[in-house]
$ cat target-v1.cif   # mmCIF, N, CA and C atoms
data_data
#
loop_
_atom_site.label_atom_id
_atom_site.label_comp_id
_atom_site.auth_asym_id
_atom_site.auth_seq_id
_atom_site.Cartn_x
_atom_site.Cartn_y
_atom_site.Cartn_z
N MET D 1 -2.64 7.51 -0.07
CA MET D 1 -1.95 8.65 -0.63
C MET D 1 -1.95 9.77 0.42
N PHE D 2 -0.92 10.56 0.45
CA PHE D 2 -0.76 11.54 1.49
C PHE D 2 -1.49 12.85 1.25
N GLY D 3 -1.63 13.31 0.02
CA GLY D 3 -2.38 14.53 -0.25
C GLY D 3 -1.65 15.81 0.11
N PHE D 4 -0.33 15.82 0.04
CA PHE D 4 0.41 17.06 0.28
C PHE D 4 0.19 18.01 -0.88
N GLY D 5 0.26 19.31 -0.61
CA GLY D 5 0.19 20.28 -1.68
C GLY D 5 -1.24 20.59 -2.09
N LYS D 6 -1.35 21.54 -3.02
CA LYS D 6 -2.66 21.97 -3.49
C LYS D 6 -2.95 21.34 -4.84
N LYS D 7 -4.20 21.10 -5.10
CA LYS D 7 -4.64 20.50 -6.36
C LYS D 7 -4.21 21.38 -7.55
N VAL D 8 -4.25 22.69 -7.39
CA VAL D 8 -3.89 23.61 -8.47
C VAL D 8 -2.44 23.39 -8.91
N LYS D 9 -1.56 23.17 -7.97
CA LYS D 9 -0.14 22.98 -8.29
C LYS D 9 0.13 21.62 -8.90
N LYS D 10 -0.77 20.66 -8.73
CA LYS D 10 -0.55 19.31 -9.26
C LYS D 10 -0.28 19.34 -10.76
N LEU D 11 -1.01 20.14 -11.48
CA LEU D 11 -0.84 20.18 -12.92
C LEU D 11 0.48 20.83 -13.34
N GLU D 12 1.09 21.59 -12.46
CA GLU D 12 2.34 22.27 -12.77
C GLU D 12 3.56 21.43 -12.41
N GLY D 13 3.40 20.40 -11.63
CA GLY D 13 4.52 19.64 -11.11
C GLY D 13 5.00 18.54 -12.03
N THR D 14 5.92 17.77 -11.50
CA THR D 14 6.48 16.61 -12.18
C THR D 14 6.20 15.39 -11.32
N ASP D 15 5.65 14.36 -11.94
CA ASP D 15 5.44 13.09 -11.24
C ASP D 15 6.64 12.20 -11.52
N ILE D 16 6.96 11.36 -10.55
CA ILE D 16 8.09 10.45 -10.71
C ILE D 16 7.65 9.05 -10.25
N LEU D 17 7.87 8.09 -11.10
CA LEU D 17 7.64 6.69 -10.76
C LEU D 17 8.99 6.04 -10.53
N ILE D 18 9.10 5.25 -9.50
CA ILE D 18 10.32 4.49 -9.28
C ILE D 18 9.99 3.04 -9.55
N LEU D 19 10.69 2.48 -10.54
CA LEU D 19 10.47 1.10 -10.97
C LEU D 19 11.68 0.26 -10.57
N LYS D 20 11.42 -0.84 -9.91
CA LYS D 20 12.49 -1.76 -9.56
C LYS D 20 12.59 -2.81 -10.66
N VAL D 21 13.80 -3.09 -11.09
CA VAL D 21 14.04 -4.03 -12.17
C VAL D 21 14.56 -5.34 -11.57
N ALA D 22 13.97 -6.44 -12.01
CA ALA D 22 14.27 -7.75 -11.42
C ALA D 22 15.72 -8.17 -11.61
N GLU D 23 16.17 -8.34 -12.84
CA GLU D 23 17.50 -8.89 -13.08
C GLU D 23 18.24 -8.08 -14.14
N SER D 24 18.67 -6.90 -13.78
CA SER D 24 19.37 -6.06 -14.73
C SER D 24 20.84 -5.97 -14.36
N GLN D 25 21.70 -5.90 -15.37
CA GLN D 25 23.12 -5.75 -15.10
C GLN D 25 23.52 -4.29 -14.91
N ASN D 26 22.78 -3.37 -15.56
CA ASN D 26 23.15 -1.96 -15.52
C ASN D 26 22.46 -1.17 -14.42
N ARG D 27 21.21 -1.49 -14.16
CA ARG D 27 20.43 -0.71 -13.20
C ARG D 27 19.61 -1.63 -12.31
N HIS D 28 19.39 -1.18 -11.09
CA HIS D 28 18.50 -1.90 -10.18
C HIS D 28 17.11 -1.27 -10.21
N PHE D 29 17.05 0.03 -10.55
CA PHE D 29 15.77 0.70 -10.66
C PHE D 29 15.87 1.87 -11.64
N TYR D 30 14.69 2.30 -12.10
CA TYR D 30 14.56 3.47 -12.96
C TYR D 30 13.66 4.47 -12.26
N GLN D 31 14.01 5.73 -12.36
CA GLN D 31 13.12 6.81 -11.96
C GLN D 31 12.59 7.40 -13.26
N VAL D 32 11.29 7.37 -13.45
CA VAL D 32 10.69 7.86 -14.68
C VAL D 32 9.91 9.13 -14.36
N ALA D 33 10.26 10.24 -15.01
CA ALA D 33 9.65 11.54 -14.74
C ALA D 33 8.74 11.95 -15.90
N PHE D 34 7.63 12.58 -15.55
CA PHE D 34 6.67 13.05 -16.55
C PHE D 34 5.81 14.16 -15.95
N PRO D 35 5.18 14.98 -16.81
CA PRO D 35 4.33 16.07 -16.31
C PRO D 35 3.16 15.52 -15.49
N SER D 36 2.84 16.18 -14.41
CA SER D 36 1.75 15.74 -13.54
C SER D 36 0.42 15.69 -14.26
N ALA D 37 0.22 16.54 -15.26
CA ALA D 37 -1.03 16.55 -16.00
C ALA D 37 -1.30 15.20 -16.67
N LEU D 38 -0.25 14.44 -16.96
CA LEU D 38 -0.39 13.13 -17.61
C LEU D 38 -0.31 11.97 -16.61
N GLY D 39 -0.14 12.29 -15.34
CA GLY D 39 0.17 11.30 -14.32
C GLY D 39 -0.73 10.09 -14.26
N ASN D 40 -2.03 10.29 -14.10
CA ASN D 40 -2.93 9.14 -13.92
C ASN D 40 -2.89 8.21 -15.13
N ASP D 41 -2.89 8.77 -16.32
CA ASP D 41 -2.91 7.94 -17.53
C ASP D 41 -1.62 7.15 -17.69
N ILE D 42 -0.49 7.79 -17.43
CA ILE D 42 0.79 7.10 -17.57
C ILE D 42 0.93 6.01 -16.52
N VAL D 43 0.55 6.31 -15.30
CA VAL D 43 0.64 5.30 -14.23
C VAL D 43 -0.26 4.12 -14.56
N ASN D 44 -1.49 4.37 -15.01
CA ASN D 44 -2.40 3.28 -15.38
C ASN D 44 -1.82 2.42 -16.50
N MET D 45 -1.26 3.06 -17.52
CA MET D 45 -0.68 2.32 -18.64
C MET D 45 0.50 1.46 -18.18
N LEU D 46 1.38 2.03 -17.36
CA LEU D 46 2.54 1.26 -16.89
C LEU D 46 2.13 0.16 -15.91
N GLN D 47 1.06 0.38 -15.15
CA GLN D 47 0.55 -0.69 -14.28
C GLN D 47 0.00 -1.84 -15.12
N LYS D 48 -0.68 -1.51 -16.21
CA LYS D 48 -1.18 -2.56 -17.11
C LYS D 48 -0.02 -3.35 -17.70
N LEU D 49 1.04 -2.63 -18.12
CA LEU D 49 2.21 -3.30 -18.67
C LEU D 49 2.87 -4.17 -17.61
N GLN D 50 2.96 -3.64 -16.39
CA GLN D 50 3.58 -4.40 -15.29
C GLN D 50 2.85 -5.72 -15.06
N LYS D 51 1.53 -5.70 -15.12
CA LYS D 51 0.72 -6.90 -14.84
C LYS D 51 0.61 -7.83 -16.05
N SER D 52 1.00 -7.34 -17.22
CA SER D 52 0.81 -8.13 -18.44
C SER D 52 1.87 -9.21 -18.59
N SER D 53 1.59 -10.11 -19.51
CA SER D 53 2.54 -11.18 -19.80
C SER D 53 3.76 -10.67 -20.58
N PHE D 54 3.72 -9.42 -21.01
CA PHE D 54 4.84 -8.83 -21.76
C PHE D 54 5.92 -8.28 -20.85
N ASN D 55 5.67 -8.27 -19.55
CA ASN D 55 6.65 -7.75 -18.60
C ASN D 55 7.67 -8.85 -18.28
N GLN D 56 8.43 -9.20 -19.31
CA GLN D 56 9.48 -10.22 -19.21
C GLN D 56 10.70 -9.75 -19.97
N LYS D 57 11.84 -10.32 -19.63
CA LYS D 57 13.09 -9.97 -20.33
C LYS D 57 13.00 -10.25 -21.82
N GLU D 58 12.28 -11.31 -22.20
CA GLU D 58 12.15 -11.66 -23.62
C GLU D 58 11.50 -10.54 -24.42
N TYR D 59 10.61 -9.79 -23.79
CA TYR D 59 9.91 -8.69 -24.47
C TYR D 59 10.58 -7.34 -24.22
N LEU D 60 10.94 -7.07 -22.96
CA LEU D 60 11.38 -5.72 -22.59
C LEU D 60 12.87 -5.60 -22.32
N GLY D 61 13.62 -6.67 -22.53
CA GLY D 61 15.06 -6.60 -22.29
C GLY D 61 15.35 -6.40 -20.81
N GLU D 62 16.30 -5.55 -20.51
CA GLU D 62 16.74 -5.33 -19.13
C GLU D 62 15.65 -4.79 -18.23
N ILE D 63 14.64 -4.15 -18.80
CA ILE D 63 13.56 -3.59 -17.99
C ILE D 63 12.52 -4.65 -17.66
N GLY D 64 12.54 -5.76 -18.36
CA GLY D 64 11.58 -6.84 -18.15
C GLY D 64 11.56 -7.32 -16.72
N GLY D 65 10.36 -7.58 -16.22
CA GLY D 65 10.19 -8.01 -14.84
C GLY D 65 10.14 -6.85 -13.87
N PHE D 66 9.92 -5.62 -14.37
CA PHE D 66 9.88 -4.46 -13.49
C PHE D 66 8.62 -4.46 -12.65
N HIS D 67 8.68 -3.75 -11.53
CA HIS D 67 7.47 -3.44 -10.78
C HIS D 67 7.62 -2.05 -10.17
N ILE D 68 6.49 -1.38 -10.08
CA ILE D 68 6.46 -0.01 -9.57
C ILE D 68 6.52 -0.08 -8.05
N ILE D 69 7.49 0.64 -7.48
CA ILE D 69 7.61 0.61 -6.02
C ILE D 69 7.20 1.93 -5.37
N THR D 70 7.30 3.05 -6.09
CA THR D 70 6.94 4.34 -5.52
C THR D 70 6.39 5.25 -6.61
N TYR D 71 5.38 6.03 -6.24
CA TYR D 71 4.80 7.04 -7.14
C TYR D 71 4.80 8.36 -6.41
N ILE D 72 5.58 9.31 -6.89
CA ILE D 72 5.66 10.65 -6.31
C ILE D 72 4.86 11.58 -7.21
N GLU D 73 3.87 12.25 -6.63
CA GLU D 73 3.00 13.13 -7.41
C GLU D 73 3.35 14.59 -7.20
N ALA D 74 3.32 15.34 -8.27
CA ALA D 74 3.40 16.79 -8.27
C ALA D 74 4.62 17.34 -7.53
N ALA D 75 5.77 16.75 -7.77
CA ALA D 75 7.00 17.29 -7.20
C ALA D 75 7.29 18.63 -7.87
N MET D 76 7.54 19.63 -7.08
CA MET D 76 7.83 20.95 -7.64
C MET D 76 9.32 21.11 -7.89
N ASN D 77 10.12 20.26 -7.24
CA ASN D 77 11.56 20.38 -7.39
C ASN D 77 12.21 19.08 -6.91
N PHE D 78 13.29 18.70 -7.55
CA PHE D 78 14.11 17.61 -7.06
C PHE D 78 15.55 17.90 -7.46
N GLU D 79 16.46 17.38 -6.69
CA GLU D 79 17.88 17.64 -6.94
C GLU D 79 18.63 16.32 -6.95
N VAL D 80 19.42 16.10 -7.97
CA VAL D 80 20.26 14.91 -8.07
C VAL D 80 21.53 15.20 -7.29
N LEU D 81 21.78 14.42 -6.25
CA LEU D 81 22.93 14.66 -5.38
C LEU D 81 24.17 13.86 -5.78
N ASP D 82 23.98 12.81 -6.55
CA ASP D 82 25.10 12.00 -7.00
C ASP D 82 25.11 12.03 -8.53
N GLU D 83 25.78 12.98 -9.09
CA GLU D 83 25.80 13.17 -10.54
C GLU D 83 26.41 11.99 -11.30
N ILE D 84 27.26 11.23 -10.67
CA ILE D 84 27.96 10.13 -11.32
C ILE D 84 27.08 8.89 -11.46
N ASP D 85 26.23 8.63 -10.47
CA ASP D 85 25.39 7.44 -10.46
C ASP D 85 24.24 7.60 -11.45
N ILE D 86 24.20 6.75 -12.47
CA ILE D 86 23.16 6.84 -13.50
C ILE D 86 21.76 6.64 -12.93
N GLU D 87 21.64 5.83 -11.88
CA GLU D 87 20.33 5.59 -11.27
C GLU D 87 19.78 6.81 -10.54
N ALA D 88 20.63 7.78 -10.22
CA ALA D 88 20.19 8.98 -9.53
C ALA D 88 19.44 9.94 -10.46
N HIS D 89 19.60 9.76 -11.75
CA HIS D 89 19.01 10.66 -12.73
C HIS D 89 17.67 10.12 -13.23
N PRO D 90 16.60 10.91 -13.08
CA PRO D 90 15.32 10.47 -13.64
C PRO D 90 15.39 10.40 -15.16
N VAL D 91 14.70 9.41 -15.71
CA VAL D 91 14.59 9.25 -17.16
C VAL D 91 13.27 9.91 -17.57
N GLN D 92 13.33 10.77 -18.56
CA GLN D 92 12.09 11.40 -19.05
C GLN D 92 11.20 10.35 -19.69
N ILE D 93 9.89 10.53 -19.59
CA ILE D 93 8.95 9.54 -20.08
C ILE D 93 9.14 9.26 -21.58
N GLN D 94 9.50 10.28 -22.36
CA GLN D 94 9.72 10.06 -23.80
C GLN D 94 10.87 9.08 -24.03
N ASP D 95 11.93 9.22 -23.27
CA ASP D 95 13.08 8.34 -23.41
C ASP D 95 12.77 6.93 -22.92
N PHE D 96 12.04 6.84 -21.81
CA PHE D 96 11.68 5.54 -21.27
C PHE D 96 10.74 4.81 -22.23
N ALA D 97 9.76 5.53 -22.77
CA ALA D 97 8.85 4.93 -23.75
C ALA D 97 9.61 4.47 -24.98
N ASN D 98 10.60 5.23 -25.41
CA ASN D 98 11.40 4.87 -26.57
C ASN D 98 12.19 3.58 -26.32
N ILE D 99 12.75 3.44 -25.12
CA ILE D 99 13.49 2.22 -24.77
C ILE D 99 12.57 1.00 -24.87
N LEU D 100 11.40 1.11 -24.25
CA LEU D 100 10.44 0.00 -24.27
C LEU D 100 9.96 -0.29 -25.68
N LEU D 101 9.65 0.76 -26.41
CA LEU D 101 9.10 0.61 -27.76
C LEU D 101 10.11 -0.02 -28.72
N ARG D 102 11.36 0.41 -28.64
CA ARG D 102 12.39 -0.19 -29.52
C ARG D 102 12.51 -1.69 -29.29
N ARG D 103 12.46 -2.08 -28.04
CA ARG D 103 12.57 -3.51 -27.72
C ARG D 103 11.36 -4.29 -28.25
N LEU D 104 10.16 -3.74 -28.04
CA LEU D 104 8.94 -4.41 -28.51
C LEU D 104 8.90 -4.47 -30.04
N GLU D 105 9.34 -3.40 -30.69
CA GLU D 105 9.36 -3.38 -32.16
C GLU D 105 10.37 -4.39 -32.70
N ALA D 106 11.50 -4.52 -32.04
CA ALA D 106 12.51 -5.50 -32.47
C ALA D 106 11.94 -6.91 -32.37
N ASN D 107 11.22 -7.20 -31.31
CA ASN D 107 10.58 -8.51 -31.15
C ASN D 107 9.54 -8.74 -32.24
N GLU D 108 8.77 -7.71 -32.53
CA GLU D 108 7.72 -7.83 -33.55
C GLU D 108 8.32 -8.08 -34.94
N GLU D 109 9.38 -7.36 -35.26
CA GLU D 109 10.03 -7.51 -36.57
C GLU D 109 10.70 -8.87 -36.72
N SER D 110 11.23 -9.41 -35.65
CA SER D 110 11.91 -10.70 -35.73
C SER D 110 10.91 -11.87 -35.79
N GLY D 111 9.66 -11.58 -35.49
CA GLY D 111 8.64 -12.63 -35.52
C GLY D 111 8.72 -13.57 -34.33
N GLU D 112 9.47 -13.17 -33.29
CA GLU D 112 9.62 -14.03 -32.10
C GLU D 112 8.30 -14.25 -31.38
N HIS D 113 7.44 -13.23 -31.40
CA HIS D 113 6.19 -13.31 -30.65
C HIS D 113 5.03 -12.98 -31.58
N GLU D 114 3.93 -13.66 -31.37
CA GLU D 114 2.77 -13.43 -32.23
C GLU D 114 2.09 -12.12 -31.87
N GLU D 115 1.35 -11.56 -32.84
CA GLU D 115 0.65 -10.30 -32.63
C GLU D 115 -0.47 -10.50 -31.63
N ASN D 116 -0.75 -9.43 -30.89
CA ASN D 116 -1.70 -9.52 -29.80
C ASN D 116 -2.34 -8.14 -29.64
N GLU D 117 -3.65 -8.08 -29.33
CA GLU D 117 -4.34 -6.79 -29.17
C GLU D 117 -3.75 -5.99 -28.02
N ASP D 118 -3.45 -6.65 -26.91
CA ASP D 118 -2.89 -5.94 -25.76
C ASP D 118 -1.53 -5.35 -26.10
N LEU D 119 -0.73 -6.11 -26.82
CA LEU D 119 0.58 -5.63 -27.22
C LEU D 119 0.45 -4.44 -28.17
N ALA D 120 -0.49 -4.51 -29.10
CA ALA D 120 -0.72 -3.39 -30.03
C ALA D 120 -1.15 -2.14 -29.28
N PHE D 121 -2.00 -2.31 -28.27
CA PHE D 121 -2.45 -1.17 -27.47
C PHE D 121 -1.27 -0.54 -26.73
N ILE D 122 -0.48 -1.36 -26.07
CA ILE D 122 0.67 -0.86 -25.31
C ILE D 122 1.65 -0.15 -26.24
N MET D 123 1.91 -0.74 -27.40
CA MET D 123 2.83 -0.12 -28.35
C MET D 123 2.28 1.22 -28.85
N GLY D 124 0.97 1.31 -29.04
CA GLY D 124 0.35 2.58 -29.44
C GLY D 124 0.52 3.64 -28.37
N GLU D 125 0.29 3.27 -27.12
CA GLU D 125 0.46 4.21 -26.01
C GLU D 125 1.92 4.67 -25.91
N LEU D 126 2.84 3.73 -26.03
CA LEU D 126 4.26 4.07 -25.95
C LEU D 126 4.69 4.97 -27.10
N THR D 127 4.14 4.73 -28.28
CA THR D 127 4.44 5.57 -29.45
C THR D 127 3.99 7.01 -29.19
N MET D 128 2.79 7.17 -28.64
CA MET D 128 2.30 8.52 -28.34
C MET D 128 3.15 9.19 -27.27
N LEU D 129 3.59 8.43 -26.27
CA LEU D 129 4.45 9.01 -25.23
C LEU D 129 5.79 9.44 -25.82
N ARG D 130 6.35 8.59 -26.66
CA ARG D 130 7.64 8.89 -27.28
C ARG D 130 7.56 10.13 -28.16
N ASP D 131 6.47 10.22 -28.92
CA ASP D 131 6.32 11.32 -29.88
C ASP D 131 5.76 12.60 -29.27
N GLY D 132 5.34 12.53 -28.01
CA GLY D 132 4.79 13.72 -27.36
C GLY D 132 3.34 14.00 -27.73
N SER D 133 2.65 13.03 -28.30
CA SER D 133 1.25 13.24 -28.70
C SER D 133 0.27 12.59 -27.74
N PHE D 134 0.75 12.16 -26.58
CA PHE D 134 -0.11 11.51 -25.58
C PHE D 134 -1.09 12.54 -25.03
N ILE D 135 -2.38 12.21 -25.07
CA ILE D 135 -3.41 13.10 -24.59
C ILE D 135 -4.08 12.44 -23.39
N PRO D 136 -4.08 13.12 -22.24
CA PRO D 136 -4.70 12.51 -21.06
C PRO D 136 -6.19 12.31 -21.25
N GLN D 137 -6.73 11.24 -20.68
CA GLN D 137 -8.18 10.97 -20.72
C GLN D 137 -8.84 11.87 -19.70
N THR D 138 -9.96 12.47 -20.10
CA THR D 138 -10.68 13.38 -19.17
C THR D 138 -11.98 12.78 -18.71
#
$ encode --input "target-v1.cif" --output "structure tokens"
Amino acid sequence: MFGFGKKVKKLEGTDILILKVAESQNRHFYQVAFPSALGNDIVNMLQKLQKSSFNQKEYLGEIGGFHIITYIEAAMNFEVLDEIDIEAHPVQIQDFANILLRRLEANEESGEHEENEDLAFIMGELTMLRDGSFIPQT
């Protein structure tokens, strides 16, 4: 990690994860933005999801098979230079969590996949992110 900037400003910034998607028709990657204060917890949760057996198209739809390629910490500013390209726009963590959660809930309701503790944990984390009740671990 490079360590640019001051630790004090880290909590005020925006973190951005860039996720590459294996086989998507609409996007090749997602930029996911979230407050820096939640950074470590969100990155850890998404890394767990990335490594899990649920990181497949059958579970996550178009996002399935993603992997994290870049983590930008405490960005104080960013500018979208190509307004037309959907991939140029960061997706807020609440929206990204909602996309993942809707897909996982649809699978659960259809009975396609059996219940699992890891899946329940991930769905709980995503629900908190979507609802804005995610509390960072201290």
$ closest_residue --input "target-v1.cif" --among "D:Ser53, D:Ile68, D:Ala88, D:Phe34" --to "D:Asn116" --atoms "only C-alpha atoms"
D:Ser53
$ closest_residue --input "target-v1.cif" --among "D:Asn26, D:Ser52, D:Asn40, D:Asn107" --to "D:Glu87" --atoms "all atoms listed in the file"
D:Asn26
$ atom_distance --input "target-v1.cif" --atom1 "atom N of D:Tyr71" --atom2 "atom CA of D:Phe121"
23.7 Å
$ closest_residue --input "target-v1.cif" --among "D:Leu126, D:Ala22, D:Ile93, D:Leu17" --to "D:Gly65" --atoms "only C-alpha atoms"
D:Ala22
$ residues_near_point --input "target-v1.cif" --point "(2.5, 16.2, -14.7)" --cutoff "8 Å" --atoms "only N, CA and C atoms" --output "list in words"
Lys10, Leu11, Glu12, Gly13, Thr14, Asp15, Ile16, Ala33, Phe34, Pro35, Ser36, Ala37, Leu38, Gly39, Asn40, Glu73, Ala74 and Ala75 of chain D
$ atom_distance --input "target-v1.cif" --atom1 "atom C of D:Leu104" --atom2 "atom CA of D:Glu117"
13.5 Å
$ residues_near_point --input "target-v1.cif" --point "(21.9, -4.7, -14.4)" --cutoff "12 Å" --atoms "only C-alpha atoms" --output "tab-separated table (two decimals) with N, CA and C atoms, in the coordinates of the input"
chain	number	residue	atom	x	y	z
D	20	LYS	N	11.42	-0.84	-9.91
D	20	LYS	CA	12.49	-1.76	-9.56
D	20	LYS	C	12.59	-2.81	-10.66
D	21	VAL	N	13.80	-3.09	-11.09
D	21	VAL	CA	14.04	-4.03	-12.17
D	21	VAL	C	14.56	-5.34	-11.57
D	22	ALA	N	13.97	-6.44	-12.01
D	22	ALA	CA	14.27	-7.75	-11.42
D	22	ALA	C	15.72	-8.17	-11.61
D	23	GLU	N	16.17	-8.34	-12.84
D	23	GLU	CA	17.50	-8.89	-13.08
D	23	GLU	C	18.24	-8.08	-14.14
D	24	SER	N	18.67	-6.90	-13.78
D	24	SER	CA	19.37	-6.06	-14.73
D	24	SER	C	20.84	-5.97	-14.36
D	25	GLN	N	21.70	-5.90	-15.37
D	25	GLN	CA	23.12	-5.75	-15.10
D	25	GLN	C	23.52	-4.29	-14.91
D	26	ASN	N	22.78	-3.37	-15.56
D	26	ASN	CA	23.15	-1.96	-15.52
D	26	ASN	C	22.46	-1.17	-14.42
D	27	ARG	N	21.21	-1.49	-14.16
D	27	ARG	CA	20.43	-0.71	-13.20
D	27	ARG	C	19.61	-1.63	-12.31
D	28	HIS	N	19.39	-1.18	-11.09
D	28	HIS	CA	18.50	-1.90	-10.18
D	28	HIS	C	17.11	-1.27	-10.21
D	29	PHE	N	17.05	0.03	-10.55
D	29	PHE	CA	15.77	0.70	-10.66
D	29	PHE	C	15.87	1.87	-11.64
D	30	TYR	N	14.69	2.30	-12.10
D	30	TYR	CA	14.56	3.47	-12.96
D	30	TYR	C	13.66	4.47	-12.26
D	57	LYS	N	11.84	-10.32	-19.63
D	57	LYS	CA	13.09	-9.97	-20.33
D	57	LYS	C	13.00	-10.25	-21.82
D	61	GLY	N	13.62	-6.67	-22.53
D	61	GLY	CA	15.06	-6.60	-22.29
D	61	GLY	C	15.35	-6.40	-20.81
D	62	GLU	N	16.30	-5.55	-20.51
D	62	GLU	CA	16.74	-5.33	-19.13
D	62	GLU	C	15.65	-4.79	-18.23
D	63	ILE	N	14.64	-4.15	-18.80
D	63	ILE	CA	13.56	-3.59	-17.99
D	63	ILE	C	12.52	-4.65	-17.66
D	64	GLY	N	12.54	-5.76	-18.36
D	64	GLY	CA	11.58	-6.84	-18.15
D	64	GLY	C	11.56	-7.32	-16.72
D	86	ILE	N	24.20	6.75	-12.47
D	86	ILE	CA	23.16	6.84	-13.50
D	86	ILE	C	21.76	6.64	-12.93
D	87	GLU	N	21.64	5.83	-11.88
D	87	GLU	CA	20.33	5.59	-11.27
D	87	GLU	C	19.78	6.81	-10.54
$ atom_distance --input "target-v1.cif" --atom1 "atom N of D:Leu101" --atom2 "atom N of D:Met123"
7.9 Å
$ residues_around --input "target-v1.cif" --residues "D:Gln31" --least-positions-apart "5" --cutoff "6 Å" --atoms "only C-alpha atoms" --output "ChimeraX atom specification"
/D:17-18,90-91
$ axis_aligned_box --input "target-v1.cif" --around "stretch 93-110 of chain D" --padding-each-side "3 Å" --output "lines of an AutoDock Vina configuration file"
center_x = 10.6
center_y = -0.7
center_z = -28.2
size_x = 11.8
size_y = 28.4
size_z = 23.1
$ residues_around --input "target-v1.cif" --residues "D:Phe134" --least-positions-apart "4" --cutoff "8 Å" --atoms "only N, CA and C atoms" --output "JSON, numbers by chain"
{"D": [38, 125, 127, 128, 129, 130]}
$ residues_around --input "target-v1.cif" --residues "D:Gln94" --least-positions-apart "2" --cutoff "8 Å" --atoms "only C-alpha atoms" --output "list in words"
Gln92, Phe96, Ala97, Asn98, Leu129, Arg130, Asp131 and Gly132 of chain D
